[in-house]
$ cat my_file_12.txt   # compact mmCIF, C-alpha atoms
# COMPACT_ATOMS: atom_id res chain seq x y z
CA MET Y 214 56.54 93.31 139.75
CA SER Y 215 55.09 90.24 138.06
CA LEU Y 216 57.41 88.45 135.64
CA THR Y 217 56.48 88.64 131.97
CA PHE Y 218 56.66 85.58 129.75
CA HIS Y 219 56.62 85.45 125.96
CA TRP Y 220 56.46 82.37 123.77
CA PHE Y 221 57.75 81.84 120.22
CA LEU Y 222 56.05 81.36 116.85
CA PRO Y 223 58.15 78.90 114.78
CA THR Y 224 57.74 80.55 111.40
CA ASN Y 225 60.56 78.32 110.11
CA GLY Y 226 58.56 75.17 110.87
CA ASP Y 227 58.11 73.00 113.95
CA SER Y 228 58.91 69.43 114.92
CA ARG Y 229 59.45 66.96 117.74
CA HIS Y 230 63.12 67.45 116.86
CA VAL Y 231 65.16 70.66 117.01
CA VAL Y 232 64.58 72.79 113.92
CA GLY Y 233 67.89 74.41 113.04
CA GLY Y 234 68.46 77.61 111.12
CA GLY Y 235 69.17 81.26 111.75
CA HIS Y 236 72.25 83.47 111.50
CA GLY Y 237 72.75 82.63 107.88
CA THR Y 238 72.16 78.87 108.20
CA PRO Y 239 69.13 77.23 106.54
CA ALA Y 240 66.35 75.51 108.45
CA THR Y 241 66.93 71.77 108.91
CA ALA Y 242 64.73 69.14 107.26
CA SER Y 243 62.78 68.65 110.49
CA GLY Y 244 61.25 72.08 109.90
CA ARG Y 245 59.02 70.41 107.32
CA ASP Y 246 57.44 68.12 109.95
CA ARG Y 247 54.93 70.83 110.87
CA PRO Y 248 54.89 73.58 108.25
CA PRO Y 249 54.38 77.12 109.59
CA THR Y 250 50.82 77.54 108.34
CA VAL Y 251 48.60 80.27 109.74
CA ALA Y 252 46.36 77.54 111.16
CA TYR Y 253 49.17 75.85 113.09
CA LEU Y 254 50.81 79.07 114.26
CA SER Y 255 47.40 80.31 115.42
CA GLN Y 256 46.97 77.13 117.43
CA ILE Y 257 50.25 77.84 119.22
CA ALA Y 258 49.32 81.49 119.72
CA ARG Y 259 45.93 80.66 121.23
CA ALA Y 260 47.54 78.15 123.60
CA ALA Y 261 50.11 80.74 124.69
CA GLU Y 262 47.38 83.29 125.24
CA ASP Y 263 45.28 80.93 127.37
CA LEU Y 264 48.28 79.85 129.44
CA GLY Y 265 49.28 83.42 130.33
CA PHE Y 266 52.11 84.33 127.97
CA VAL Y 267 51.94 88.06 127.22
CA GLY Y 268 53.44 87.93 123.74
CA ALA Y 269 55.04 85.74 121.09
CA LEU Y 270 58.33 86.40 119.32
CA THR Y 271 58.54 85.87 115.56
CA PRO Y 272 62.03 85.67 114.00
CA THR Y 273 63.35 87.42 110.93
CA GLY Y 274 65.63 86.27 108.13
CA ALA Y 275 65.78 84.28 104.92
CA TRP Y 276 65.26 81.03 106.84
CA CYS Y 277 61.70 81.80 108.01
CA GLU Y 278 58.43 83.41 106.94
CA ASP Y 279 58.11 87.19 107.06
CA ALA Y 280 57.27 88.28 110.60
CA TRP Y 281 55.09 91.30 109.75
CA LEU Y 282 52.77 89.45 107.38
CA THR Y 283 52.55 86.29 109.48
CA THR Y 284 51.71 88.02 112.74
CA ALA Y 285 49.16 90.27 111.05
CA MET Y 286 47.35 87.10 109.94
CA VAL Y 287 47.72 85.25 113.24
CA SER Y 288 46.55 88.28 115.22
CA GLN Y 289 43.11 87.81 113.67
CA HIS Y 290 42.83 84.41 115.39
CA THR Y 291 43.75 85.67 118.88
CA GLU Y 292 42.34 88.27 121.23
CA ARG Y 293 44.96 89.52 123.69
CA LEU Y 294 48.34 88.00 122.81
CA LYS Y 295 50.92 90.55 121.71
CA PHE Y 296 53.37 89.94 118.89
CA LEU Y 297 57.07 90.64 119.31
CA VAL Y 298 57.85 91.22 115.65
CA ALA Y 299 61.52 90.93 114.72
CA PHE Y 300 62.58 93.21 111.89
CA ARG Y 301 65.75 94.68 110.42
CA PRO Y 302 65.96 98.47 110.17
CA GLY Y 303 68.09 98.40 107.02
CA PHE Y 304 65.41 96.74 104.93
CA VAL Y 305 62.65 99.37 105.18
CA SER Y 306 62.57 103.16 105.51
CA PRO Y 307 62.04 104.49 109.06
CA THR Y 308 58.97 106.47 108.04
CA LEU Y 309 57.35 103.43 106.47
CA ALA Y 310 58.26 101.28 109.48
CA ALA Y 311 56.71 103.84 111.84
CA GLN Y 312 53.57 103.86 109.70
CA MET Y 313 53.43 100.05 109.60
CA ALA Y 314 53.71 99.90 113.38
CA ALA Y 315 50.95 102.48 113.81
CA THR Y 316 48.67 100.53 111.48
CA PHE Y 317 49.42 97.26 113.27
CA GLN Y 318 48.54 98.86 116.61
CA ARG Y 319 45.21 100.15 115.36
CA GLN Y 320 44.19 96.98 113.56
CA SER Y 321 45.29 94.61 116.35
CA GLY Y 322 44.08 96.60 119.33
CA GLY Y 323 47.53 97.66 120.50
CA ARG Y 324 49.21 94.25 120.39
CA LEU Y 325 52.53 95.06 118.70
CA LEU Y 326 55.98 94.87 120.26
CA LEU Y 327 59.11 95.40 118.15
CA ASN Y 328 62.31 93.36 118.27
CA VAL Y 329 64.95 95.36 116.44
CA VAL Y 330 67.52 93.05 114.79
CA THR Y 331 70.48 94.94 113.38
CA GLY Y 332 71.84 91.83 111.64
CA GLY Y 333 75.16 90.16 112.44
CA GLU Y 334 75.79 88.22 109.23
CA ASN Y 335 77.39 90.15 106.38
CA HIS Y 336 76.63 87.49 103.76
CA GLU Y 337 72.93 87.36 104.68
CA GLN Y 338 72.61 91.15 104.77
CA ARG Y 339 74.17 91.39 101.32
CA ALA Y 340 71.59 88.98 99.96
CA TYR Y 341 69.04 91.64 100.87
CA GLY Y 342 71.09 94.40 99.26
CA ASP Y 343 72.66 95.74 102.47
CA PHE Y 344 76.44 96.17 102.18
CA LEU Y 345 77.23 98.12 105.35
CA ASP Y 346 79.61 96.57 107.87
CA LYS Y 347 78.35 95.63 111.34
CA ASP Y 348 79.30 98.81 113.21
CA ASP Y 349 77.75 100.97 110.50
CA ARG Y 350 74.59 98.85 110.67
CA TYR Y 351 74.33 99.63 114.37
CA ARG Y 352 74.87 103.34 113.74
CA ARG Y 353 72.11 103.22 111.13
CA THR Y 354 69.88 101.47 113.68
CA GLY Y 355 70.43 104.37 116.06
CA GLU Y 356 69.39 106.89 113.41
CA PHE Y 357 66.44 104.70 112.47
CA LEU Y 358 65.15 104.51 116.05
CA GLN Y 359 65.62 108.24 116.55
CA ILE Y 360 63.43 108.97 113.53
CA VAL Y 361 60.80 106.37 114.38
CA ARG Y 362 60.45 107.48 117.98
CA GLU Y 363 60.06 111.13 117.01
CA LEU Y 364 57.43 110.21 114.44
CA TRP Y 365 55.54 108.22 117.07
CA GLU Y 366 55.56 111.33 119.26
CA GLY Y 367 53.71 113.19 116.51
CA LYS Y 368 56.69 115.29 115.47
CA THR Y 369 57.64 116.36 111.98
CA VAL Y 370 61.13 115.01 111.41
CA ASP Y 371 63.99 116.37 109.33
CA LEU Y 372 67.22 114.47 109.71
CA VAL Y 373 70.38 114.20 107.66
CA GLY Y 374 72.35 111.39 109.24
CA GLU Y 375 75.38 109.39 108.32
CA HIS Y 376 73.20 106.63 106.83
CA LEU Y 377 69.59 107.87 106.77
CA GLN Y 378 67.94 111.04 105.55
CA VAL Y 379 64.30 112.13 105.84
CA GLU Y 380 62.67 115.46 105.09
CA ASP Y 381 59.32 116.70 106.38
CA ALA Y 382 58.46 113.20 107.63
CA ARG Y 383 55.33 112.82 109.74
CA LEU Y 384 52.53 110.39 110.46
CA ALA Y 385 48.86 111.12 109.85
CA ARG Y 386 48.04 109.00 112.92
CA VAL Y 387 50.44 108.04 115.68
CA PRO Y 388 50.27 104.59 117.31
CA ASP Y 389 48.37 104.24 120.55
CA PRO Y 390 49.97 102.82 122.56
CA VAL Y 391 53.48 103.37 121.27
CA PRO Y 392 55.07 99.92 120.73
CA GLU Y 393 57.84 99.00 123.12
CA VAL Y 394 61.22 98.36 121.49
CA TYR Y 395 63.23 95.21 122.32
CA PHE Y 396 66.84 94.89 121.25
CA GLY Y 397 69.86 92.64 121.73
CA GLY Y 398 73.55 92.89 120.97
CA SER Y 399 76.81 92.13 122.75
CA SER Y 400 79.30 94.37 120.94
CA PRO Y 401 80.31 97.81 122.35
CA ILE Y 402 78.38 99.72 119.68
CA ALA Y 403 75.28 97.61 120.38
CA GLY Y 404 75.43 98.62 124.04
CA GLU Y 405 75.54 102.30 123.10
CA ILE Y 406 72.47 101.99 120.86
CA ALA Y 407 70.55 100.03 123.50
CA ALA Y 408 71.29 102.61 126.17
CA ARG Y 409 69.99 105.47 124.04
CA HIS Y 410 66.92 104.04 122.41
CA VAL Y 411 65.40 100.77 123.65
CA ASP Y 412 62.89 99.79 126.30
CA VAL Y 413 63.96 96.18 126.88
CA TYR Y 414 67.46 94.80 126.39
CA LEU Y 415 67.45 91.10 125.49
CA THR Y 416 70.29 88.67 126.10
CA TRP Y 417 70.60 85.07 125.02
CA GLY Y 418 70.73 82.44 127.75
CA GLU Y 419 74.22 82.55 129.16
CA PRO Y 420 75.12 81.40 132.71
CA PRO Y 421 73.96 83.80 135.44
CA ALA Y 422 77.37 85.37 136.06
CA ALA Y 423 77.71 86.37 132.39
CA VAL Y 424 74.14 87.68 132.33
CA ALA Y 425 74.82 89.74 135.46
CA GLU Y 426 77.81 91.35 133.73
CA LYS Y 427 75.67 92.27 130.72
CA ILE Y 428 72.97 93.79 132.91
CA ALA Y 429 75.51 95.91 134.80
CA TRP Y 430 77.08 97.01 131.51
CA ILE Y 431 73.82 98.14 129.88
CA ARG Y 432 72.46 99.64 133.09
CA ALA Y 433 75.56 101.82 133.49
CA LEU Y 434 75.40 102.98 129.86
CA ALA Y 435 71.70 103.81 130.19
CA GLU Y 436 72.28 105.79 133.36
CA LYS Y 437 74.80 107.95 131.49
CA GLU Y 438 72.02 108.69 128.99
CA GLY Y 439 69.59 109.54 131.79
CA ARG Y 440 67.48 106.49 130.97
CA SER Y 441 66.49 103.18 132.52
CA VAL Y 442 66.15 99.91 130.61
CA ARG Y 443 64.34 96.68 131.48
CA PHE Y 444 65.99 93.32 130.86
CA GLY Y 445 64.85 90.11 129.23
CA ILE Y 446 66.39 86.75 128.33
CA ARG Y 447 65.84 84.39 125.40
CA LEU Y 448 65.85 80.67 126.26
CA HIS Y 449 64.46 77.32 125.19
CA VAL Y 450 62.81 75.12 127.81
CA ILE Y 451 62.50 71.38 128.45
CA THR Y 452 60.47 71.00 131.62
CA ARG Y 453 58.86 67.83 132.97
CA ASP Y 454 57.41 66.43 136.19
CA THR Y 455 60.82 65.00 137.09
CA ALA Y 456 64.40 65.93 136.25
CA GLU Y 457 64.97 62.44 134.85
CA GLN Y 458 62.15 62.88 132.35
CA ALA Y 459 63.44 66.30 131.27
CA TRP Y 460 67.03 65.12 130.74
CA ALA Y 461 65.78 62.06 128.90
CA GLU Y 462 64.01 64.41 126.49
CA ALA Y 463 67.18 66.49 126.07
CA GLY Y 464 69.02 63.24 125.33
CA ARG Y 465 66.42 62.26 122.75
CA LEU Y 466 66.82 65.60 120.98
CA LEU Y 467 70.61 65.29 121.06
CA ALA Y 468 70.45 61.78 119.62
CA GLY Y 469 68.59 63.20 116.65
CA PHE Y 470 71.46 65.52 115.69
CA ASP Y 471 73.13 64.18 112.57
CA THR Y 472 76.92 64.51 112.78
CA GLU Y 473 77.19 66.01 109.31
CA THR Y 474 74.42 68.51 110.07
CA VAL Y 475 76.20 69.63 113.25
CA ARG Y 476 79.45 70.03 111.33
CA ALA Y 477 77.82 72.05 108.56
CA VAL Y 478 75.88 74.28 110.96
CA GLN Y 479 78.93 74.95 113.11
CA ALA Y 480 81.00 75.80 110.04
CA GLY Y 481 78.31 78.24 108.93
CA LEU Y 482 77.99 79.85 112.35
CA ALA Y 483 81.78 80.21 112.60
CA ARG Y 484 81.49 82.83 109.83
CA SER Y 485 79.18 84.93 111.99
CA GLY Y 486 80.10 88.51 112.72
CA SER Y 487 77.80 88.52 115.74
CA GLU Y 488 79.48 88.82 119.14
CA GLY Y 489 76.43 87.20 120.72
CA GLN Y 490 76.72 84.24 118.35
CA ARG Y 491 80.40 83.91 119.17
CA ARG Y 492 79.51 83.73 122.86
CA MET Y 493 76.90 81.05 122.13
CA LEU Y 494 79.43 78.95 120.22
CA ALA Y 495 81.95 79.25 123.04
CA LEU Y 496 79.50 77.58 125.44
CA HIS Y 497 79.81 74.20 123.70
CA GLY Y 498 82.76 74.55 121.33
CA GLY Y 499 81.02 72.38 118.74
CA SER Y 500 81.23 69.34 121.02
CA SER Y 501 78.36 67.30 122.47
CA ASP Y 502 80.35 66.68 125.68
CA ASP Y 503 79.65 68.60 128.90
CA LEU Y 504 76.62 70.45 127.54
CA GLU Y 505 75.20 71.27 130.98
CA ILE Y 506 77.14 74.52 131.36
CA TYR Y 507 75.37 75.56 134.58
CA PRO Y 508 72.84 73.67 136.69
CA ASN Y 509 69.78 73.11 134.44
CA LEU Y 510 71.28 75.19 131.60
CA TRP Y 511 71.94 73.04 128.51
CA ALA Y 512 73.87 74.25 125.44
CA GLY Y 513 72.80 71.43 123.13
CA ILE Y 514 70.35 73.45 121.03
CA GLY Y 515 73.20 75.61 119.75
CA LEU Y 516 74.82 72.65 118.01
CA VAL Y 517 72.26 72.84 115.19
CA ARG Y 518 70.61 76.23 115.60
CA GLY Y 519 71.88 79.76 115.25
CA GLY Y 520 70.95 82.46 117.71
CA ALA Y 521 69.53 81.37 121.04
CA GLY Y 522 71.26 78.06 121.73
CA THR Y 523 70.60 77.19 125.37
CA ALA Y 524 67.68 75.59 127.18
CA LEU Y 525 66.51 75.36 130.75
CA VAL Y 526 66.22 71.62 131.44
CA GLY Y 527 64.83 70.05 134.56
CA SER Y 528 61.81 69.39 136.70
CA HIS Y 529 59.16 72.08 136.92
CA ASP Y 530 60.54 73.04 140.34
CA GLU Y 531 64.11 73.26 139.04
CA VAL Y 532 63.17 75.36 136.03
CA ALA Y 533 61.16 77.69 138.27
CA GLU Y 534 64.21 77.97 140.54
CA ARG Y 535 66.49 78.94 137.65
CA ILE Y 536 63.97 81.54 136.46
CA ALA Y 537 63.87 83.01 139.96
CA GLU Y 538 67.68 83.11 139.97
CA TYR Y 539 67.78 85.07 136.71
CA HIS Y 540 65.08 87.36 138.06
CA ARG Y 541 67.20 88.17 141.11
CA LEU Y 542 69.88 89.40 138.72
CA GLY Y 543 67.43 91.86 137.14
CA ILE Y 544 65.71 89.83 134.41
CA ASP Y 545 61.97 90.62 134.29
CA GLU Y 546 60.99 89.23 130.89
CA PHE Y 547 61.53 85.71 129.54
CA VAL Y 548 61.20 84.87 125.83
CA LEU Y 549 60.87 81.09 125.69
CA SER Y 550 60.42 78.28 123.19
CA GLY Y 551 60.53 74.49 123.01
CA TYR Y 552 60.13 71.59 120.59
CA PRO Y 553 57.42 71.11 119.56
CA HIS Y 554 56.15 74.56 120.45
CA LEU Y 555 52.53 73.62 121.00
CA GLU Y 556 53.16 70.79 123.47
CA GLU Y 557 56.06 72.54 125.23
CA ALA Y 558 53.95 75.65 125.80
CA TYR Y 559 51.50 73.51 127.77
CA SER Y 560 54.29 71.75 129.64
CA PHE Y 561 55.76 75.06 130.81
CA GLY Y 562 52.44 76.83 131.25
CA GLU Y 563 50.88 74.08 133.33
CA GLY Y 564 54.04 72.96 135.12
CA VAL Y 565 56.20 76.01 135.83
CA LEU Y 566 53.90 79.04 135.80
CA PRO Y 567 51.71 77.79 138.70
CA ARG Y 568 54.85 77.33 140.80
CA LEU Y 569 55.99 80.88 140.06
CA GLU Y 570 52.50 82.12 140.86
CA ALA Y 571 52.60 80.35 144.22
CA GLN Y 572 55.87 82.19 144.96
CA GLY Y 573 54.29 85.54 144.11
CA LEU Y 574 56.57 86.02 141.10
CA TRP Y 575 53.92 85.78 138.39
CA SER Y 576 50.21 86.29 137.86
CA HIS Y 577 48.11 85.50 134.83
CA PRO Y 578 48.01 88.74 132.77
CA PHE Y 579 44.54 88.08 131.38
CA ARG Y 580 42.85 86.92 134.58
CA SER Y 581 41.89 89.03 137.56
CA ALA Y 582 42.48 87.64 141.03
CA THR Y 583 38.77 87.48 141.81
CA ALA Y 584 37.10 86.72 138.49
CA PRO Y 585 36.49 83.04 137.69
CA ARG Y 586 38.63 81.75 134.87
CA PRO Y 587 37.03 80.71 131.61
CA GLU Y 588 37.48 76.99 131.02
CA SER Y 589 39.90 77.76 128.17
CA GLN Y 590 42.27 79.35 130.71
CA ILE Y 591 42.17 76.48 133.21
CA PRO Y 592 45.08 74.04 132.77
CA PHE Y 593 43.95 70.61 131.77
CA ALA Y 594 45.38 69.18 134.98
CA GLU Y 595 43.02 71.35 137.06
CA ARG Y 596 39.79 70.65 135.14

$ encode --input "my_file_12.txt" --output "structure tokens"
Amino acid sequence: MSLTFHWFLPTNGDSRHVVGGGHGTPATASGRDRPPTVAYLSQIARAAEDLGFVGALTPTGAWCEDAWLTTAMVSQHTERLKFLVAFRPGFVSPTLAAQMAATFQRQSGGRLLLNVVTGGENHEQRAYGDFLDKDDRYRRTGEFLQIVRELWEGKTVDLVGEHLQVEDARLARVPDPVPEVYFGGSSPIAGEIAARHVDVYLTWGEPPAAVAEKIAWIRALAEKEGRSVRFGIRLHVITRDTAEQAWAEAGRLLAGFDTETVRAVQAGLARSGSEGQRRMLALHGGSSDDLEIYPNLWAGIGLVRGGAGTALVGSHDEVAERIAEYHRLGIDEFVLSGYPHLEEAYSFGEGVLPRLEAQGLWSHPFRSATAPRPESQIPFAER
């Protein structure tokens, strides 16, 4: 099975420095270096498409642009790239969400993937009018996905749940294909919902032993439900021709972290109700010392950014080796990003992907083995 790679659309802004934000913390000033215009995001999306990324994740929250609207616009400037749209079930009715997904599939040529974000921050959820606690939000997510999936199957749905109620709900046109559902969460209730409803379980970039435990946990829960789940991981990347160059870049990014900004971000993230965020914080403890928590796995990003806080750092060969190691654990999909996102997409796409292809772990999803590649799909180094 060929590995699947997704890139990231920085709808909170981009920079040659780390753009903080997420999990209730605002984007840092560096997010204004490259505003998230449709033109710039489309440039990143086209580069990702040419390089062989299957999709692009767009985040959700008050700190970034709306994912549905932005990807609908960017999709008109790409041809094959899929969009992993993050959205929160509590903010829209399940029937409307199912309809929106069906419309997106028809208008984009089947290029929608859904990243279901239950929401771990009570204070941010309340700003949107959602006052449920975290466990109840996950239970609502389960009801939401049950309704949406039945609607996508063409069923008429009547459901009176603990949190959601629909009567005589149906779609005039079902999506074709049905969007795959991605989902992450580290709490016990999150595992239950993942096992019952999702296609791909996503974890943030923890050391391999911790990732292996998560995979075994979700796999066992899914087996009890008579289901199987694929696994993906969310990481940043800093990859260069040599390890020295990659670590020098990590050092440059770290040097740009203002002490007061780190303090403020860490204080904000300490309020998080997310178990996954707690695990991210534990990797560095708010300190810039000993940030290489596993060979080529660097926790520095998490000092100023909520959510995914680790990066693969090293030579192209080393990063490819770490990816292969995660794959041996059961990870088949990688959702990656890097600063700035345009340049780092090329660095990874031209440096790491050919090495994985040579090992038989990856093949370009938009290029047949025999057909000549269009010039736009040939890395600059090979032209």

$ closest_residue --input "my_file_12.txt" --among "Y:Cys277, Y:Ala483, Y:Val361, Y:Val565" --to "Y:Ala310" --atoms "only C-alpha atoms"
Y:Val361

$ closest_residue --input "my_file_12.txt" --among "Y:Glu473, Y:Asp530, Y:Asp227, Y:Asp545" --to "Y:Pro567" --atoms "only C-alpha atoms"
Y:Asp530

$ residues_near_point --input "my_file_12.txt" --point "(54.6, 85.6, 140.0)" --cutoff "7 Å" --atoms "all atoms listed in the file" --output "list in words"
Ser215, Leu216, Leu569, Glu570, Gln572, Gly573, Leu574, Trp575 and Ser576 of chain Y

$ atom_distance --input "my_file_12.txt" --atom1 "atom CA of Y:Thr416" --atom2 "atom CA of Y:Phe218"
14.4 Å

$ atom_distance --input "my_file_12.txt" --atom1 "atom CA of Y:Gly342" --atom2 "atom CA of Y:Gly303"
9.2 Å

$ closest_residue --input "my_file_12.txt" --among "Y:Gly274, Y:Gly355, Y:Pro388, Y:Pro239" --to "Y:Tyr341" --atoms "only C-alpha atoms"
Y:Gly274

$ closest_residue --input "my_file_12.txt" --among "Y:Leu516, Y:Leu222, Y:Ile431, Y:Ile406" --to "Y:Thr354" --atoms "all atoms listed in the file"
Y:Ile406

$ closest_residue --input "my_file_12.txt" --among "Y:Trp430, Y:Phe317, Y:Tyr559, Y:Phe547" --to "Y:Gly404" --atoms "only C-alpha atoms"
Y:Trp430

$ residues_around --input "my_file_12.txt" --residues "Y:Glu462" --least-positions-apart "5" --cutoff "10 Å" --atoms "only C-alpha atoms" --output "PDB file with C-alpha atoms, keeping the file's coordinate frame"
ATOM      1  CA  ILE Y 451      62.500  71.380 128.450  1.00  0.00           C
ATOM      2  CA  THR Y 452      60.470  71.000 131.620  1.00  0.00           C
ATOM      3  CA  ARG Y 453      58.860  67.830 132.970  1.00  0.00           C
ATOM      4  CA  ALA Y 456      64.400  65.930 136.250  1.00  0.00           C
ATOM      5  CA  GLU Y 457      64.970  62.440 134.850  1.00  0.00           C
ATOM      6  CA  LEU Y 467      70.610  65.290 121.060  1.00  0.00           C
ATOM      7  CA  ALA Y 468      70.450  61.780 119.620  1.00  0.00           C
ATOM      8  CA  VAL Y 526      66.220  71.620 131.440  1.00  0.00           C
ATOM      9  CA  GLY Y 527      64.830  70.050 134.560  1.00  0.00           C
TER      10      GLY Y 527
END

$ residues_near_point --input "my_file_12.txt" --point "(52.7, 85.4, 126.3)" --cutoff "9 Å" --atoms "all atoms listed in the file" --output "mmCIF file with C-alpha atoms, in the coordinates of the input"
data_model
loop_
_atom_site.group_PDB
_atom_site.id
_atom_site.type_symbol
_atom_site.label_atom_id
_atom_site.label_comp_id
_atom_site.auth_asym_id
_atom_site.auth_seq_id
_atom_site.Cartn_x
_atom_site.Cartn_y
_atom_site.Cartn_z
ATOM 1 C CA THR Y 217 56.480 88.640 131.970
ATOM 2 C CA PHE Y 218 56.660 85.580 129.750
ATOM 3 C CA HIS Y 219 56.620 85.450 125.960
ATOM 4 C CA TRP Y 220 56.460 82.370 123.770
ATOM 5 C CA PHE Y 221 57.750 81.840 120.220
ATOM 6 C CA ALA Y 258 49.320 81.490 119.720
ATOM 7 C CA ALA Y 261 50.110 80.740 124.690
ATOM 8 C CA GLU Y 262 47.380 83.290 125.240
ATOM 9 C CA ASP Y 263 45.280 80.930 127.370
ATOM 10 C CA LEU Y 264 48.280 79.850 129.440
ATOM 11 C CA GLY Y 265 49.280 83.420 130.330
ATOM 12 C CA PHE Y 266 52.110 84.330 127.970
ATOM 13 C CA VAL Y 267 51.940 88.060 127.220
ATOM 14 C CA GLY Y 268 53.440 87.930 123.740
ATOM 15 C CA ALA Y 269 55.040 85.740 121.090
ATOM 16 C CA LEU Y 294 48.340 88.000 122.810
ATOM 17 C CA LYS Y 295 50.920 90.550 121.710
ATOM 18 C CA PHE Y 296 53.370 89.940 118.890
ATOM 19 C CA VAL Y 548 61.200 84.870 125.830
ATOM 20 C CA PRO Y 578 48.010 88.740 132.770
#

$ residues_around --input "my_file_12.txt" --residues "Y:Thr331" --least-positions-apart "4" --cutoff "7 Å" --atoms "all atoms listed in the file" --output "list in words"
Arg301, Pro302, Arg350, Tyr351 and Thr354 of chain Y

$ closest_residue --input "my_file_12.txt" --among "Y:Tyr395, Y:His410, Y:Glu380, Y:Glu557" --to "Y:Leu327" --atoms "all atoms listed in the file"
Y:Tyr395

$ atom_distance --input "my_file_12.txt" --atom1 "atom CA of Y:Glu538" --atom2 "atom CA of Y:Ala571"
15.9 Å

$ build_atoms --input "my_file_12.txt" --residues "stretch 221-226 of chain Y" --atoms "all heavy atoms" --output "tab-separated table (two decimals), in the coordinates of the input"
chain	number	residue	atom	x	y	z
Y	221	PHE	N	57.08	81.71	121.50
Y	221	PHE	CA	57.75	81.84	120.22
Y	221	PHE	C	56.88	81.22	119.14
Y	221	PHE	O	56.31	80.14	119.34
Y	221	PHE	CB	59.10	81.11	120.27
Y	221	PHE	CG	59.96	81.25	119.04
Y	221	PHE	CD1	60.78	82.34	118.87
Y	221	PHE	CD2	59.96	80.25	118.07
Y	221	PHE	CE1	61.60	82.45	117.75
Y	221	PHE	CE2	60.77	80.35	116.95
Y	221	PHE	CZ	61.58	81.46	116.79
Y	222	LEU	N	56.77	81.90	118.00
Y	222	LEU	CA	56.05	81.36	116.85
Y	222	LEU	C	57.08	80.82	115.86
Y	222	LEU	O	57.86	81.58	115.28
Y	222	LEU	CB	55.19	82.43	116.18
Y	222	LEU	CG	53.99	82.92	116.98
Y	222	LEU	CD1	53.20	83.93	116.15
Y	222	LEU	CD2	53.09	81.78	117.42
Y	223	PRO	N	57.13	79.50	115.64
Y	223	PRO	CA	58.15	78.90	114.78
Y	223	PRO	C	57.82	79.07	113.30
Y	223	PRO	O	57.38	78.13	112.63
Y	223	PRO	CB	58.14	77.43	115.21
Y	223	PRO	CG	56.71	77.19	115.62
Y	223	PRO	CD	56.25	78.48	116.26
Y	224	THR	N	58.07	80.25	112.80
Y	224	THR	CA	57.74	80.55	111.40
Y	224	THR	C	58.74	79.93	110.43
Y	224	THR	O	58.66	80.18	109.22
Y	224	THR	CB	57.66	82.07	111.17
Y	224	THR	OG1	58.91	82.66	111.56
Y	224	THR	CG2	56.54	82.68	112.00
Y	225	ASN	N	59.68	79.13	110.95
Y	225	ASN	CA	60.56	78.32	110.11
Y	225	ASN	C	60.17	76.86	110.15
Y	225	ASN	O	60.88	76.01	109.62
Y	225	ASN	CB	62.01	78.46	110.57
Y	225	ASN	CG	62.20	78.08	112.03
Y	225	ASN	OD1	61.33	78.33	112.86
Y	225	ASN	ND2	63.35	77.51	112.36
Y	226	GLY	N	59.02	76.54	110.76
Y	226	GLY	CA	58.56	75.17	110.87
Y	226	GLY	C	58.79	74.62	112.27
Y	226	GLY	O	59.63	75.11	113.03
